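Visitor: Structure file input39.pdb (PDB, C-alpha atoms) right here:
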ATOM      1  CA  GLY S   1    -116.281-108.339  45.257
ATOM      2  CA  LYS S   2    -115.604-104.674  44.730
ATOM      3  CA  VAL S   3    -112.619-102.418  45.283
ATOM      4  CA  THR S   4    -112.942-101.160  48.858
ATOM      5  CA  ASN S   5    -109.569 -99.576  49.493
ATOM      6  CA  VAL S   6    -106.813 -97.978  47.428
ATOM      7  CA  ILE S   7    -103.284 -97.384  48.678
ATOM      8  CA  MET S   8    -100.027 -96.423  47.046
ATOM      9  CA  THR S   9     -97.529 -99.033  48.169
ATOM     10  CA  GLU S  10     -94.565 -96.691  47.807
ATOM     11  CA  TYR S  11     -96.073 -93.957  50.027
ATOM     12  CA  GLN S  12     -97.106 -95.674  53.255
ATOM     13  CA  THR S  13     -95.876 -93.127  55.794
ATOM     14  CA  LYS S  14     -96.616 -89.455  56.379
ATOM     15  CA  GLU S  15     -92.937 -88.713  55.908
ATOM     16  CA  LEU S  16     -92.837 -90.284  52.433
ATOM     17  CA  ILE S  17     -96.043 -88.539  51.416
ATOM     18  CA  SER S  18     -94.732 -85.140  52.503
ATOM     19  CA  GLU S  19     -91.384 -85.808  50.802
ATOM     20  CA  PHE S  20     -92.778 -86.759  47.390
ATOM     21  CA  TRP S  21     -96.117 -84.896  47.217
ATOM     22  CA  ASP S  22     -96.680 -81.145  47.319
ATOM     23  CA  THR S  23     -99.521 -81.498  49.838
ATOM     24  CA  LYS S  24    -101.444 -84.239  51.627
ATOM     25  CA  ARG S  25    -104.534 -82.830  49.904
ATOM     26  CA  GLU S  26    -103.017 -83.577  46.479
ATOM     27  CA  TYR S  27    -102.196 -87.150  47.601
ATOM     28  CA  ASN S  28    -105.752 -87.680  48.913
ATOM     29  CA  PHE S  29    -107.248 -86.301  45.685
ATOM     30  CA  CYS S  30    -105.186 -88.795  43.687
ATOM     31  CA  ILE S  31    -106.258 -91.725  45.907
ATOM     32  CA  LYS S  32    -109.946 -90.735  45.651
ATOM     33  CA  SER S  33    -109.711 -90.312  41.886
ATOM     34  CA  ILE S  34    -108.101 -93.721  41.448
ATOM     35  CA  LYS S  35    -110.720 -95.363  43.670
ATOM     36  CA  LYS S  36    -113.461 -93.711  41.612
ATOM     37  CA  ALA S  37    -111.862 -94.931  38.367
ATOM     38  CA  LEU S  38    -111.667 -98.512  39.741
ATOM     39  CA  LYS S  39    -115.148 -98.651  41.263
ATOM     40  CA  GLY S  40    -116.565-100.584  38.298
ATOM     41  CA  MET S  41    -114.128-103.468  38.723
ATOM     42  CA  GLN S  42    -115.533-106.769  39.971
ATOM     43  CA  PHE S  43    -113.590-109.677  41.443
ATOM     44  CA  ASP S  44    -114.626-113.208  42.311
ATOM     45  CA  ILE S  45    -115.421-113.631  45.990
ATOM     46  CA  LEU S  46    -113.174-116.272  47.524
ATOM     47  CA  LYS S  47    -114.545-118.202  50.474
ATOM     48  CA  ARG S  48    -112.962-120.421  53.098
ATOM     49  CA  LYS S  49    -115.407-122.746  54.837
ATOM     50  CA  GLY S  50    -118.238-120.634  53.419
ATOM     51  CA  ILE S  51    -116.891-117.359  54.811
ATOM     52  CA  PRO S  52    -115.665-114.683  52.368
ATOM     53  CA  ILE S  53    -111.973-113.906  52.765
ATOM     54  CA  GLU S  54    -110.291-110.614  52.065
ATOM     55  CA  SER S  55    -107.605-110.536  49.404
ATOM     56  CA  ASN S  56    -105.269-107.832  48.195
ATOM     57  CA  VAL S  57    -104.649-107.227  44.515
ATOM     58  CA  ASN S  58    -101.696-105.158  43.357
ATOM     59  CA  ILE S  59    -102.270-103.320  40.110
ATOM     60  CA  GLU S  60     -99.666-101.052  38.573
ATOM     61  CA  ILE S  61    -101.464 -98.155  36.920
ATOM     62  CA  TRP S  62    -100.718 -94.719  35.561
ATOM     63  CA  PHE S  63    -103.162 -91.959  36.516
ATOM     64  CA  ASN S  64    -103.565 -89.322  33.800
ATOM     65  CA  GLU S  65    -104.391 -85.692  34.588
ATOM     66  CA  ASN S  66    -107.741 -86.038  32.777
ATOM     67  CA  GLY S  67    -108.873 -88.669  35.319
ATOM     68  CA  THR S  68    -108.330 -91.744  33.157
ATOM     69  CA  ILE S  69    -106.094 -94.620  34.162
ATOM     70  CA  GLU S  70    -103.846 -96.936  32.183
ATOM     71  CA  ASN S  71    -102.990-100.500  33.250
ATOM     72  CA  TRP S  72     -99.209-100.797  33.488
ATOM     73  CA  SER S  73     -99.222-104.256  35.105
ATOM     74  CA  GLU S  74     -97.113-106.865  33.388
TER      75      GLU S  74
END
Please rewrite the model in this file as structure tokens.
Guide:
Amino acid sequence: GKVTNVIMTEYQTKELISEFWDTKREYNFCIKSIKKALKGMQFDILKRKGIPIESNVNIEIWFNENGTIENWSE
């Protein structure tokens, strides 16, 4: 499967986004850039009774200003 959605687990509400980010536009740009950087990742498709199931994968990364990412997962 492919990466279909990117979220920042620490910024789940509008209030947290506005508190820690200069603008919602900046937050959205970061999300889109991370999704673009991860688009080449492939995961095995897990199935239950022949039906693909959705799974969430948490990856701790650092997003550099030049658009590259670093894996900070342990």
Visitor: Can you list what the PyMOL selection byres ((chain S and resi 63) around 12) grabs from this structure, as a PyMOL selection string?
Guide: chain S and resi 8+29-38+59-62+64-72
Visitor: Of the candidates S:Glu54, S:Gln42, S:Lys47, S:Leu16, which shows the shortest atom-to-atom distance to Gly1 in chain S, using all atoms listed in the file?
Guide: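 Looking only at the distances to Gly1 in chain S, the closest residue turns out to be S:Gln42.
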Visitor: With only C-alpha atoms as the basis for distance, which of S:Ser73, S:Lys24, S:Glu10, S:Phe43 is at the shortest distance from Ser55 in chain S?
Guide: S:Phe43
Visitor: Mind giving me the axis-aligned box for range 60-72 of chain S with 3 Å on every side, centre plus edges in Å to one decimal, as JSON?
Guide:
{"center_x": -104.0, "center_y": -93.4, "center_z": 35.4, "size_x": 15.7, "size_y": 21.4, "size_z": 12.4}
Visitor: Enter the distance from CA of Arg48 in chain S to CA of Asn5 in chain S, in Å, rounded to one decimal.
Guide: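 Computed distance, CA of Arg48 in chain S to CA of Asn5 in chain S, equals 21.4 Å.
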